[in-house]
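Peer 1: Input file: upload_17.cif. Contents: mmCIF, C-alpha atoms.
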```cif
data_query
loop_
_atom_site.group_PDB
_atom_site.id
_atom_site.type_symbol
_atom_site.label_atom_id
_atom_site.label_comp_id
_atom_site.auth_asym_id
_atom_site.auth_seq_id
_atom_site.Cartn_x
_atom_site.Cartn_y
_atom_site.Cartn_z
ATOM 1 C CA MET A 1 -14.898 -8.972 -15.648
ATOM 2 C CA PHE A 2 -12.496 -6.508 -14.041
ATOM 3 C CA ASP A 3 -15.175 -3.894 -13.408
ATOM 4 C CA LEU A 4 -13.988 -1.217 -10.970
ATOM 5 C CA THR A 5 -17.151 0.878 -10.848
ATOM 6 C CA SER A 6 -17.569 2.603 -7.466
ATOM 7 C CA LYS A 7 -14.016 1.669 -6.399
ATOM 8 C CA THR A 8 -11.580 4.358 -5.315
ATOM 9 C CA ALA A 9 -7.881 4.300 -6.123
ATOM 10 C CA LEU A 10 -4.791 6.303 -5.191
ATOM 11 C CA VAL A 11 -1.901 6.170 -7.661
ATOM 12 C CA THR A 12 1.455 7.666 -6.673
ATOM 13 C CA GLY A 13 3.846 8.814 -9.349
ATOM 14 C CA ALA A 14 0.901 9.447 -11.662
ATOM 15 C CA THR A 15 2.971 11.893 -13.705
ATOM 16 C CA GLY A 16 5.302 9.126 -14.832
ATOM 17 C CA GLY A 17 4.622 6.942 -17.852
ATOM 18 C CA ILE A 18 3.580 3.822 -15.945
ATOM 19 C CA GLY A 19 1.701 5.739 -13.227
ATOM 20 C CA GLU A 20 -0.303 7.694 -15.762
ATOM 21 C CA ALA A 21 -1.160 4.545 -17.696
ATOM 22 C CA ILE A 22 -2.303 2.811 -14.505
ATOM 23 C CA ALA A 23 -4.459 5.793 -13.494
ATOM 24 C CA ARG A 24 -6.019 5.889 -16.952
ATOM 25 C CA ALA A 25 -6.715 2.159 -16.981
ATOM 26 C CA LEU A 26 -8.289 2.086 -13.499
ATOM 27 C CA HIS A 27 -10.380 5.117 -14.422
ATOM 28 C CA ALA A 28 -11.462 3.560 -17.703
ATOM 29 C CA ARG A 29 -12.747 0.550 -15.729
ATOM 30 C CA GLY A 30 -14.937 2.861 -13.675
ATOM 31 C CA ALA A 31 -12.782 3.681 -10.654
ATOM 32 C CA THR A 32 -12.545 7.105 -9.064
ATOM 33 C CA VAL A 33 -8.859 7.985 -8.990
ATOM 34 C CA ALA A 34 -6.669 10.225 -6.862
ATOM 35 C CA LEU A 35 -3.582 11.242 -8.784
ATOM 36 C CA SER A 36 -0.444 11.966 -6.811
ATOM 37 C CA GLY A 37 2.960 13.126 -7.937
ATOM 38 C CA THR A 38 5.352 16.031 -7.608
ATOM 39 C CA ARG A 39 4.328 17.982 -10.728
ATOM 40 C CA ALA A 40 0.937 19.527 -9.932
ATOM 41 C CA GLU A 41 0.432 20.989 -13.402
ATOM 42 C CA LYS A 42 0.888 17.647 -15.074
ATOM 43 C CA LEU A 43 -1.515 16.042 -12.620
ATOM 44 C CA GLU A 44 -4.096 18.755 -13.287
ATOM 45 C CA ALA A 45 -3.774 18.179 -17.014
ATOM 46 C CA LEU A 46 -4.267 14.443 -16.588
ATOM 47 C CA ALA A 47 -7.278 14.994 -14.314
ATOM 48 C CA ALA A 48 -8.799 17.408 -16.819
ATOM 49 C CA ASP A 49 -8.292 14.850 -19.555
ATOM 50 C CA LEU A 50 -9.960 12.108 -17.491
ATOM 51 C CA GLY A 51 -12.892 14.374 -16.632
ATOM 52 C CA GLU A 52 -15.120 13.174 -13.811
ATOM 53 C CA ARG A 53 -13.942 10.910 -11.003
ATOM 54 C CA ALA A 54 -10.402 12.347 -10.877
ATOM 55 C CA HIS A 55 -8.774 14.116 -7.943
ATOM 56 C CA VAL A 56 -5.373 15.765 -7.808
ATOM 57 C CA LEU A 57 -3.244 15.317 -4.671
ATOM 58 C CA PRO A 58 0.291 16.571 -5.276
ATOM 59 C CA ALA A 59 2.857 15.200 -2.833
ATOM 60 C CA ASN A 60 6.592 14.882 -2.642
ATOM 61 C CA LEU A 61 7.285 11.413 -1.276
ATOM 62 C CA SER A 62 10.678 12.420 0.090
ATOM 63 C CA ASP A 63 8.750 14.651 2.508
ATOM 64 C CA ARG A 64 7.616 12.518 5.417
ATOM 65 C CA GLU A 65 4.734 14.765 6.404
ATOM 66 C CA ALA A 66 3.414 14.828 2.857
ATOM 67 C CA VAL A 67 3.504 11.029 2.809
ATOM 68 C CA GLU A 68 1.630 10.722 6.102
ATOM 69 C CA GLY A 69 -1.056 13.102 4.848
ATOM 70 C CA LEU A 70 -1.619 11.498 1.467
ATOM 71 C CA VAL A 71 -3.883 8.547 2.301
ATOM 72 C CA PRO A 72 -6.110 10.585 4.668
ATOM 73 C CA ALA A 73 -6.414 13.228 1.921
ATOM 74 C CA ALA A 74 -7.364 10.574 -0.642
ATOM 75 C CA GLU A 75 -9.908 9.039 1.742
ATOM 76 C CA ALA A 76 -11.405 12.442 2.401
ATOM 77 C CA ALA A 77 -11.578 13.319 -1.292
ATOM 78 C CA MET A 78 -13.102 10.013 -2.411
ATOM 79 C CA GLY A 79 -14.934 8.818 0.706
ATOM 80 C CA GLY A 80 -12.587 5.860 1.220
ATOM 81 C CA LEU A 81 -9.700 4.049 -0.408
ATOM 82 C CA ASP A 82 -10.116 0.622 -2.006
ATOM 83 C CA ILE A 83 -6.977 0.453 -4.122
ATOM 84 C CA LEU A 84 -3.500 1.789 -3.351
ATOM 85 C CA VAL A 85 -0.941 1.730 -6.151
ATOM 86 C CA ASN A 86 2.564 2.445 -4.891
ATOM 87 C CA ASN A 87 4.109 3.353 -8.181
ATOM 88 C CA ALA A 88 6.313 6.381 -7.467
ATOM 89 C CA GLY A 89 9.982 5.704 -7.872
ATOM 90 C CA ILE A 90 13.237 7.489 -8.549
ATOM 91 C CA THR A 91 16.669 6.395 -9.726
ATOM 92 C CA ARG A 92 20.071 7.679 -8.605
ATOM 93 C CA ASP A 93 22.331 5.300 -10.506
ATOM 94 C CA ASN A 94 25.997 4.907 -9.720
ATOM 95 C CA ILE A 95 28.449 2.073 -9.620
ATOM 96 C CA PHE A 96 28.566 0.489 -6.223
ATOM 97 C CA MET A 97 31.991 1.699 -5.180
ATOM 98 C CA ARG A 98 31.110 5.291 -6.005
ATOM 99 C CA MET A 99 27.574 5.267 -4.670
ATOM 100 C CA LYS A 100 27.080 8.047 -2.156
ATOM 101 C CA ASP A 101 25.093 7.654 1.032
ATOM 102 C CA GLU A 102 22.660 10.292 -0.203
ATOM 103 C CA GLU A 103 22.029 8.375 -3.431
ATOM 104 C CA TRP A 104 21.324 5.256 -1.441
ATOM 105 C CA GLU A 105 19.142 7.026 1.117
ATOM 106 C CA GLN A 106 17.071 9.034 -1.365
ATOM 107 C CA VAL A 107 16.160 5.974 -3.399
ATOM 108 C CA LEU A 108 15.313 3.890 -0.332
ATOM 109 C CA GLU A 109 13.286 6.734 1.157
ATOM 110 C CA VAL A 110 11.104 7.394 -1.880
ATOM 111 C CA ASN A 111 10.873 3.903 -3.367
ATOM 112 C CA LEU A 112 10.555 1.817 -0.208
ATOM 113 C CA THR A 113 9.971 3.801 2.981
ATOM 114 C CA ALA A 114 7.290 6.072 1.519
ATOM 115 C CA GLY A 115 5.525 2.947 0.251
ATOM 116 C CA PHE A 116 5.699 1.418 3.715
ATOM 117 C CA ARG A 117 4.105 4.499 5.262
ATOM 118 C CA LEU A 118 1.380 4.659 2.620
ATOM 119 C CA CYS A 119 0.551 0.977 3.139
ATOM 120 C CA ARG A 120 0.454 1.430 6.915
ATOM 121 C CA SER A 121 -1.909 4.297 6.536
ATOM 122 C CA ALA A 122 -4.153 2.685 3.897
ATOM 123 C CA VAL A 123 -4.456 -0.770 5.417
ATOM 124 C CA LYS A 124 -6.333 0.512 8.460
ATOM 125 C CA GLY A 125 -9.415 1.544 6.496
ATOM 126 C CA MET A 126 -9.156 -1.512 4.254
ATOM 127 C CA MET A 127 -9.191 -3.845 7.251
ATOM 128 C CA ARG A 128 -12.163 -2.040 8.676
ATOM 129 C CA ARG A 129 -14.065 -2.392 5.403
ATOM 130 C CA ARG A 130 -12.910 -5.972 4.992
ATOM 131 C CA SER A 131 -11.659 -5.344 1.480
ATOM 132 C CA GLY A 132 -8.728 -3.685 -0.189
ATOM 133 C CA ARG A 133 -6.066 -3.935 -2.849
ATOM 134 C CA ILE A 134 -2.473 -2.841 -2.463
ATOM 135 C CA ILE A 135 -0.297 -2.980 -5.557
ATOM 136 C CA GLY A 136 3.391 -2.125 -5.551
ATOM 137 C CA ILE A 137 5.250 -1.435 -8.748
ATOM 138 C CA GLY A 138 8.576 -3.187 -8.372
ATOM 139 C CA SER A 139 11.099 -3.913 -11.080
ATOM 140 C CA VAL A 140 12.738 -6.922 -12.649
ATOM 141 C CA VAL A 141 16.041 -5.597 -11.292
ATOM 142 C CA GLY A 142 14.744 -6.203 -7.758
ATOM 143 C CA THR A 143 14.967 -9.896 -8.609
ATOM 144 C CA THR A 144 17.832 -10.056 -11.095
ATOM 145 C CA GLY A 145 20.015 -7.110 -10.035
ATOM 146 C CA ASN A 146 21.479 -4.558 -12.416
ATOM 147 C CA PRO A 147 24.913 -2.928 -12.455
ATOM 148 C CA GLY A 148 24.792 0.685 -11.306
ATOM 149 C CA GLN A 149 21.500 0.208 -9.496
ATOM 150 C CA ALA A 150 22.324 -1.308 -6.113
ATOM 151 C CA ASN A 151 20.086 1.239 -4.399
ATOM 152 C CA TYR A 152 17.194 0.810 -6.828
ATOM 153 C CA ALA A 153 17.459 -2.987 -6.852
ATOM 154 C CA ALA A 154 17.574 -3.079 -3.037
ATOM 155 C CA ALA A 155 14.498 -0.857 -2.764
ATOM 156 C CA LYS A 156 12.552 -2.881 -5.326
ATOM 157 C CA ALA A 157 13.510 -6.198 -3.711
ATOM 158 C CA GLY A 158 12.496 -4.652 -0.401
ATOM 159 C CA MET A 159 9.065 -3.824 -1.773
ATOM 160 C CA ILE A 160 8.533 -7.459 -2.698
ATOM 161 C CA GLY A 161 9.467 -8.704 0.785
ATOM 162 C CA MET A 162 7.334 -6.045 2.437
ATOM 163 C CA ALA A 163 4.350 -6.939 0.249
ATOM 164 C CA LYS A 164 4.652 -10.617 1.166
ATOM 165 C CA ALA A 165 4.827 -9.906 4.905
ATOM 166 C CA LEU A 166 1.858 -7.537 4.798
ATOM 167 C CA ALA A 167 -0.073 -9.928 2.563
ATOM 168 C CA ARG A 168 0.214 -12.635 5.229
ATOM 169 C CA GLU A 169 -0.993 -10.270 7.940
ATOM 170 C CA VAL A 170 -4.110 -8.997 6.213
ATOM 171 C CA ALA A 171 -5.189 -11.855 3.929
ATOM 172 C CA SER A 172 -7.897 -12.948 6.380
ATOM 173 C CA ARG A 173 -9.456 -9.491 6.049
ATOM 174 C CA ASN A 174 -9.805 -9.744 2.263
ATOM 175 C CA VAL A 175 -7.021 -7.281 1.654
ATOM 176 C CA THR A 176 -4.548 -8.412 -0.997
ATOM 177 C CA VAL A 177 -1.017 -7.132 -1.436
ATOM 178 C CA ASN A 178 0.870 -7.830 -4.640
ATOM 179 C CA THR A 179 3.785 -6.533 -6.662
ATOM 180 C CA ILE A 180 4.024 -5.996 -10.394
ATOM 181 C CA SER A 181 7.600 -6.242 -11.640
ATOM 182 C CA PRO A 182 8.006 -4.559 -15.011
ATOM 183 C CA GLY A 183 10.931 -5.374 -17.253
ATOM 184 C CA PHE A 184 12.123 -2.726 -19.687
ATOM 185 C CA ILE A 185 9.218 -0.444 -20.489
ATOM 186 C CA GLU A 186 9.117 2.576 -22.834
ATOM 187 C CA THR A 187 9.113 5.482 -20.356
ATOM 188 C CA ALA A 188 11.142 8.564 -19.517
ATOM 189 C CA MET A 189 13.193 6.343 -17.224
ATOM 190 C CA THR A 190 14.332 4.131 -20.108
ATOM 191 C CA ASP A 191 14.513 6.966 -22.686
ATOM 192 C CA VAL A 192 17.812 8.033 -21.168
ATOM 193 C CA LEU A 193 19.451 4.809 -22.365
ATOM 194 C CA ASN A 194 21.494 5.181 -25.556
ATOM 195 C CA ASP A 195 20.898 3.023 -28.636
ATOM 196 C CA LYS A 196 23.741 0.701 -27.821
ATOM 197 C CA GLN A 197 22.357 0.113 -24.326
ATOM 198 C CA LYS A 198 18.876 -0.440 -25.712
ATOM 199 C CA GLU A 199 20.177 -2.899 -28.288
ATOM 200 C CA SER A 200 22.022 -4.911 -25.693
ATOM 201 C CA ILE A 201 18.942 -4.944 -23.445
ATOM 202 C CA LEU A 202 16.707 -6.117 -26.268
ATOM 203 C CA GLY A 203 19.121 -8.987 -26.844
ATOM 204 C CA THR A 204 18.025 -10.319 -23.446
ATOM 205 C CA VAL A 205 14.289 -9.940 -24.085
ATOM 206 C CA PRO A 206 12.715 -12.925 -25.873
ATOM 207 C CA ALA A 207 9.798 -10.733 -26.972
ATOM 208 C CA GLY A 208 12.349 -8.593 -28.846
ATOM 209 C CA ARG A 209 10.859 -5.243 -27.859
ATOM 210 C CA LEU A 210 10.376 -2.935 -24.921
ATOM 211 C CA GLY A 211 7.073 -3.228 -23.082
ATOM 212 C CA THR A 212 4.472 -0.494 -22.966
ATOM 213 C CA ALA A 213 3.085 1.284 -19.929
ATOM 214 C CA ALA A 214 -0.377 0.075 -20.928
ATOM 215 C CA GLU A 215 0.811 -3.517 -20.549
ATOM 216 C CA ILE A 216 1.771 -2.790 -16.928
ATOM 217 C CA ALA A 217 -1.538 -1.006 -16.381
ATOM 218 C CA ALA A 218 -3.446 -4.089 -17.558
ATOM 219 C CA ALA A 219 -1.741 -6.130 -14.844
ATOM 220 C CA ALA A 220 -2.727 -3.483 -12.291
ATOM 221 C CA VAL A 221 -6.371 -3.609 -13.399
ATOM 222 C CA TYR A 222 -6.360 -7.360 -12.903
ATOM 223 C CA LEU A 223 -4.812 -7.233 -9.422
ATOM 224 C CA ALA A 224 -7.188 -4.413 -8.421
ATOM 225 C CA SER A 225 -10.262 -6.347 -9.528
ATOM 226 C CA ASP A 226 -12.626 -8.493 -7.469
ATOM 227 C CA GLU A 227 -11.644 -11.397 -9.714
ATOM 228 C CA ALA A 228 -8.099 -11.344 -8.251
ATOM 229 C CA ALA A 229 -9.351 -11.846 -4.669
ATOM 230 C CA TYR A 230 -7.399 -15.113 -4.272
ATOM 231 C CA VAL A 231 -4.105 -13.681 -5.526
ATOM 232 C CA THR A 232 -1.975 -12.248 -2.721
ATOM 233 C CA GLY A 233 1.690 -11.929 -1.848
ATOM 234 C CA GLN A 234 2.559 -12.527 -5.476
ATOM 235 C CA THR A 235 4.965 -10.863 -7.841
ATOM 236 C CA LEU A 236 3.582 -10.581 -11.350
ATOM 237 C CA HIS A 237 6.460 -10.251 -13.806
ATOM 238 C CA VAL A 238 5.615 -8.338 -16.963
ATOM 239 C CA ASN A 239 8.851 -8.378 -18.880
ATOM 240 C CA GLY A 240 8.566 -9.972 -22.307
ATOM 241 C CA GLY A 241 10.225 -13.090 -20.965
ATOM 242 C CA MET A 242 13.541 -11.456 -20.059
ATOM 243 C CA ALA A 243 13.450 -13.181 -16.674
ATOM 244 C CA MET A 244 11.309 -16.243 -16.049
ATOM 245 C CA ILE A 245 10.983 -16.625 -12.331
ATOM 246 C CA MET B 1 -20.918 -2.755 35.135
ATOM 247 C CA SER B 2 -20.637 0.831 33.948
ATOM 248 C CA ASP B 3 -22.033 2.041 30.649
ATOM 249 C CA ILE B 4 -18.509 2.090 29.215
ATOM 250 C CA ALA B 5 -17.924 -1.485 30.332
ATOM 251 C CA ASP B 6 -21.156 -2.593 28.685
ATOM 252 C CA ARG B 7 -20.217 -0.986 25.406
ATOM 253 C CA VAL B 8 -16.718 -2.481 25.510
ATOM 254 C CA LYS B 9 -18.180 -5.888 26.212
ATOM 255 C CA LYS B 10 -20.589 -5.586 23.322
ATOM 256 C CA ILE B 11 -17.795 -4.704 20.895
ATOM 257 C CA VAL B 12 -15.666 -7.623 22.092
ATOM 258 C CA ILE B 13 -18.559 -10.090 21.773
ATOM 259 C CA GLU B 14 -19.411 -8.882 18.285
ATOM 260 C CA HIS B 15 -15.878 -8.670 17.031
ATOM 261 C CA LEU B 16 -14.478 -11.905 18.393
ATOM 262 C CA GLY B 17 -17.721 -13.873 18.194
ATOM 263 C CA VAL B 18 -17.398 -15.176 21.761
ATOM 264 C CA ASP B 19 -20.027 -15.981 24.388
ATOM 265 C CA ALA B 20 -21.002 -13.101 26.678
ATOM 266 C CA GLU B 21 -20.136 -14.984 29.865
ATOM 267 C CA LYS B 22 -16.535 -15.398 28.707
ATOM 268 C CA VAL B 23 -16.065 -11.652 28.454
ATOM 269 C CA THR B 24 -15.103 -10.959 32.055
ATOM 270 C CA VAL B 25 -13.047 -8.044 33.325
ATOM 271 C CA GLU B 26 -9.996 -10.284 33.688
ATOM 272 C CA ALA B 27 -10.373 -11.966 30.288
ATOM 273 C CA SER B 28 -7.296 -11.580 28.088
ATOM 274 C CA PHE B 29 -8.140 -10.955 24.448
ATOM 275 C CA ILE B 30 -5.431 -13.279 23.198
ATOM 276 C CA ASP B 31 -5.156 -15.924 25.937
ATOM 277 C CA ASP B 32 -8.822 -16.285 26.893
ATOM 278 C CA LEU B 33 -10.859 -14.989 23.976
ATOM 279 C CA GLY B 34 -8.907 -16.428 21.069
ATOM 280 C CA ALA B 35 -7.928 -13.126 19.467
ATOM 281 C CA ASP B 36 -4.851 -12.901 17.269
ATOM 282 C CA SER B 37 -2.630 -9.827 17.154
ATOM 283 C CA LEU B 38 -4.558 -8.408 14.211
ATOM 284 C CA ASP B 39 -7.826 -8.793 16.158
ATOM 285 C CA THR B 40 -6.374 -6.730 18.988
ATOM 286 C CA VAL B 41 -5.504 -3.945 16.539
ATOM 287 C CA GLU B 42 -9.034 -4.084 15.171
ATOM 288 C CA LEU B 43 -10.551 -4.022 18.657
ATOM 289 C CA VAL B 44 -8.587 -0.884 19.436
ATOM 290 C CA MET B 45 -9.848 0.671 16.187
ATOM 291 C CA ALA B 46 -13.403 -0.290 17.113
ATOM 292 C CA PHE B 47 -12.998 1.258 20.584
ATOM 293 C CA GLU B 48 -11.660 4.439 18.988
ATOM 294 C CA GLU B 49 -14.687 4.616 16.748
ATOM 295 C CA GLU B 50 -17.266 3.819 19.434
ATOM 296 C CA PHE B 51 -15.877 6.251 21.986
ATOM 297 C CA GLY B 52 -14.527 8.928 19.645
ATOM 298 C CA VAL B 53 -11.071 8.848 21.226
ATOM 299 C CA GLU B 54 -7.628 8.257 19.860
ATOM 300 C CA ILE B 55 -5.691 5.412 21.443
ATOM 301 C CA PRO B 56 -1.973 5.911 20.739
ATOM 302 C CA ASP B 57 0.092 2.837 19.847
ATOM 303 C CA ASP B 58 2.012 2.798 23.124
ATOM 304 C CA ALA B 59 -1.255 2.859 25.078
ATOM 305 C CA ALA B 60 -2.815 0.241 22.787
ATOM 306 C CA GLU B 61 0.029 -2.128 23.627
ATOM 307 C CA THR B 62 -0.961 -2.041 27.311
ATOM 308 C CA ILE B 63 -4.594 -2.963 26.604
ATOM 309 C CA LEU B 64 -4.455 -6.729 26.998
ATOM 310 C CA THR B 65 -7.663 -7.539 28.850
ATOM 311 C CA VAL B 66 -11.266 -6.377 28.790
ATOM 312 C CA GLY B 67 -10.601 -4.573 32.083
ATOM 313 C CA ASP B 68 -7.571 -2.775 30.602
ATOM 314 C CA ALA B 69 -9.778 -1.402 27.829
ATOM 315 C CA VAL B 70 -12.506 -0.301 30.221
ATOM 316 C CA LYS B 71 -9.979 1.374 32.509
ATOM 317 C CA PHE B 72 -8.350 3.240 29.630
ATOM 318 C CA LEU B 73 -11.654 4.400 28.169
ATOM 319 C CA GLU B 74 -13.059 5.457 31.554
ATOM 320 C CA LYS B 75 -9.951 7.546 32.104
ATOM 321 C CA ALA B 76 -10.235 9.037 28.619
ATOM 322 C CA ALA B 77 -13.887 9.913 29.231
ATOM 323 C CA ALA B 78 -13.240 11.481 32.630
#
```
Please express what this file holds, its structure, as structure tokens.

Peer 2:
Amino acid sequence: MFDLTSKTALVTGATGGIGEAIARALHARGATVALSGTRAEKLEALAADLGERAHVLPANLSDREAVEGLVPAAEAAMGGLDILVNNAGITRDNIFMRMKDEEWEQVLEVNLTAGFRLCRSAVKGMMRRRSGRIIGIGSVVGTTGNPGQANYAAAKAGMIGMAKALAREVASRNVTVNTISPGFIETAMTDVLNDKQKESILGTVPAGRLGTAAEIAAAAVYLASDEAAYVTGQTLHVNGGMAMI
Amino acid sequence: MSDIADRVKKIVIEHLGVDAEKVTVEASFIDDLGADSLDTVELVMAFEEEFGVEIPDDAAETILTVGDAVKFLEKAAA
């Protein structure tokens, strides 16, 4: 079950906690992985740790040209692309009334538009090969909202809608498109919360703890697998029960 | 029919699974040959591969019939 031997995967944001965990999990199941992110050194270190079947493709997703070049580079490095994981994401939190246009635009550009371009570029080869897996990493706030994160919530909700539309277009070609929506996960992004914030968040999580990056990665392995061929256009919520949708 | 026309016809027959006699110069991929919009994108990709040319999106949108494809590819080869 869930064997990914001879599959190739591109993971964006592989320097982040969730991205790294996803890359490690796909690799552990046998996949060849292309690691993308902005910090080349960190990517090199991860690739060295993984050993064989790991490629490093640094890219800044706010740079349109870098985005357009990423999938072709991954296909060239690995001889094709079976699995695309759109994981990269940034936050520029601010309360709505103070949110600047740049904060809105940066978050939409990196979290949603770059993902759109990567999907557009990856789906071509997947259609031709009659198989493919596209996995977006959304967020529970894309469904529930969160104060101070109008831009982030809009981008994450946008990813879900985009995934559903694309899923309908390419389902007949055995390409699936799904979204994983993490709740509160222990990463650098949630480390910035103070104890009081963490405590109040945990009060809303029936599981009574933050999730781990590995628990998101396990969902990605499932959606990337042959066994998940009949699952498309779905949003898989991994959130300890904080939102049951 | 030219060599290019023969190759186009072959791709269309294979890809859409239609009878050879239906694939006339005037045949519209969508109206006559039962293609959906995704099929037309795939046909264009198959033409690009077979003939080693790039068909830009705005040109692809004007390729609606078998004859349109042949005309475009003959021009590209000239």

Peer 1: Could you state which residues are captured by the PyMOL selection byres ((chain A) within 10 of (chain B)) in this file, as a list in words?

Peer 2: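 Residues picked by the PyMOL selection byres ((chain A) within 10 of (chain B)): Lys124, Gly125, Met127, Arg128, Glu169, Val170, Ser172 and Arg173 of chain A.
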
Peer 1: Pick the closest to Ile22 of chain A from A:Thr212, A:Asn151, A:Thr143, A:Asn111: which is it, counting all atoms listed in the file?

Peer 2: A:Thr212

Peer 1: Once the PyMOL selection byres ((chain A and resi 35) around 12) is applied to the coordinates I shared, what remains selected? I want it as a PyMOL selection string.

Peer 2: chain A and resi 8-16+19-24+26-27+32-34+36-48+50+53-59+70-71+73-74+77-78+84-88

Peer 1: Env of segment 222-229 of chain A: 9 Å cut, atoms = only C-alpha atoms, seq-sep filter 2 positions within chain, self excluded. Answer as a PyMOL selection string.

Peer 2: chain A and resi 1-4+26+82-84+132-135+174-178+180+217-220+231-232

Peer 1: Mind dumping the selected residues with C-alpha atoms as an mmCIF file, in the coordinates of the input?

Peer 2:
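out-v7.cif, freshly written:
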```cif
data_model
loop_
_atom_site.group_PDB
_atom_site.id
_atom_site.type_symbol
_atom_site.label_atom_id
_atom_site.label_comp_id
_atom_site.auth_asym_id
_atom_site.auth_seq_id
_atom_site.Cartn_x
_atom_site.Cartn_y
_atom_site.Cartn_z
ATOM 1 C CA MET A 1 -14.898 -8.972 -15.648
ATOM 2 C CA PHE A 2 -12.496 -6.508 -14.041
ATOM 3 C CA ASP A 3 -15.175 -3.894 -13.408
ATOM 4 C CA LEU A 4 -13.988 -1.217 -10.970
ATOM 5 C CA LEU A 26 -8.289 2.086 -13.499
ATOM 6 C CA ASP A 82 -10.116 0.622 -2.006
ATOM 7 C CA ILE A 83 -6.977 0.453 -4.122
ATOM 8 C CA LEU A 84 -3.500 1.789 -3.351
ATOM 9 C CA GLY A 132 -8.728 -3.685 -0.189
ATOM 10 C CA ARG A 133 -6.066 -3.935 -2.849
ATOM 11 C CA ILE A 134 -2.473 -2.841 -2.463
ATOM 12 C CA ILE A 135 -0.297 -2.980 -5.557
ATOM 13 C CA ASN A 174 -9.805 -9.744 2.263
ATOM 14 C CA VAL A 175 -7.021 -7.281 1.654
ATOM 15 C CA THR A 176 -4.548 -8.412 -0.997
ATOM 16 C CA VAL A 177 -1.017 -7.132 -1.436
ATOM 17 C CA ASN A 178 0.870 -7.830 -4.640
ATOM 18 C CA ILE A 180 4.024 -5.996 -10.394
ATOM 19 C CA ALA A 217 -1.538 -1.006 -16.381
ATOM 20 C CA ALA A 218 -3.446 -4.089 -17.558
ATOM 21 C CA ALA A 219 -1.741 -6.130 -14.844
ATOM 22 C CA ALA A 220 -2.727 -3.483 -12.291
ATOM 23 C CA VAL A 231 -4.105 -13.681 -5.526
ATOM 24 C CA THR A 232 -1.975 -12.248 -2.721
#
```

Peer 1: Taking all atoms listed in the file into account, which of B:Glu48, B:Glu26, B:Asp19, B:Glu14 comes nearest Asp68 of chain B?

Peer 2: B:Glu26

Peer 1: Between atom CA of Ile185 of chain A and atom CA of Ile137 of chain A, what is the distance in Å, rounded to a tenth?

Peer 2: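 Separation of atom CA of Ile185 of chain A and atom CA of Ile137 of chain A: 12.4 Å.
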
Peer 1: Taking the file as shown, what set of residues would the PyMOL selection byres ((chain B and resi 15) around 10) give back, as a ChimeraX atom specification?

Peer 2: /B:9-14,16-18,35,39-40,42-43,46

Peer 1: For Ala5 of chain B, which residue out of B:Val44, B:Val25, B:Ala20, B:Leu64 is the nearest one, using all atoms listed in the file?

Peer 2: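 Smallest separation from Ala5 of chain B among the options: B:Val25.
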
Peer 1: Starting from 4 Å padding per side, set up an axis-aligned box that covers all listed atoms of segment 63-66 of chain B and hand over centre and edge lengths in Å, one decimal, as lines of an AutoDock Vina configuration file.

Peer 2:
```
center_x = -7.9
center_y = -5.3
center_z = 27.7
size_x = 14.8
size_y = 12.6
size_z = 10.2
```

Peer 1: Which one is closest to Val66 of chain B: B:Asp36, B:Glu54, B:Asp31, B:Glu49? Count all atoms listed in the file.

Peer 2: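 Under the stated criterion, the closest residue is B:Asp31.
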
Peer 1: Report, in Å to a single decimal, how far apart atom CA of Ser181 of chain A and atom CA of Gly241 of chain A are.

Peer 2: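 A separation of 11.9 Å between them.
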
Peer 1: Which is closest to Ile18 of chain A among A:Met244, A:Ala154, A:Ala188, A:Leu81, if we use all atoms listed in the file?

Peer 2: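 Once distances to Ile18 of chain A are computed over all atoms listed in the file, the minimum belongs to A:Ala188.
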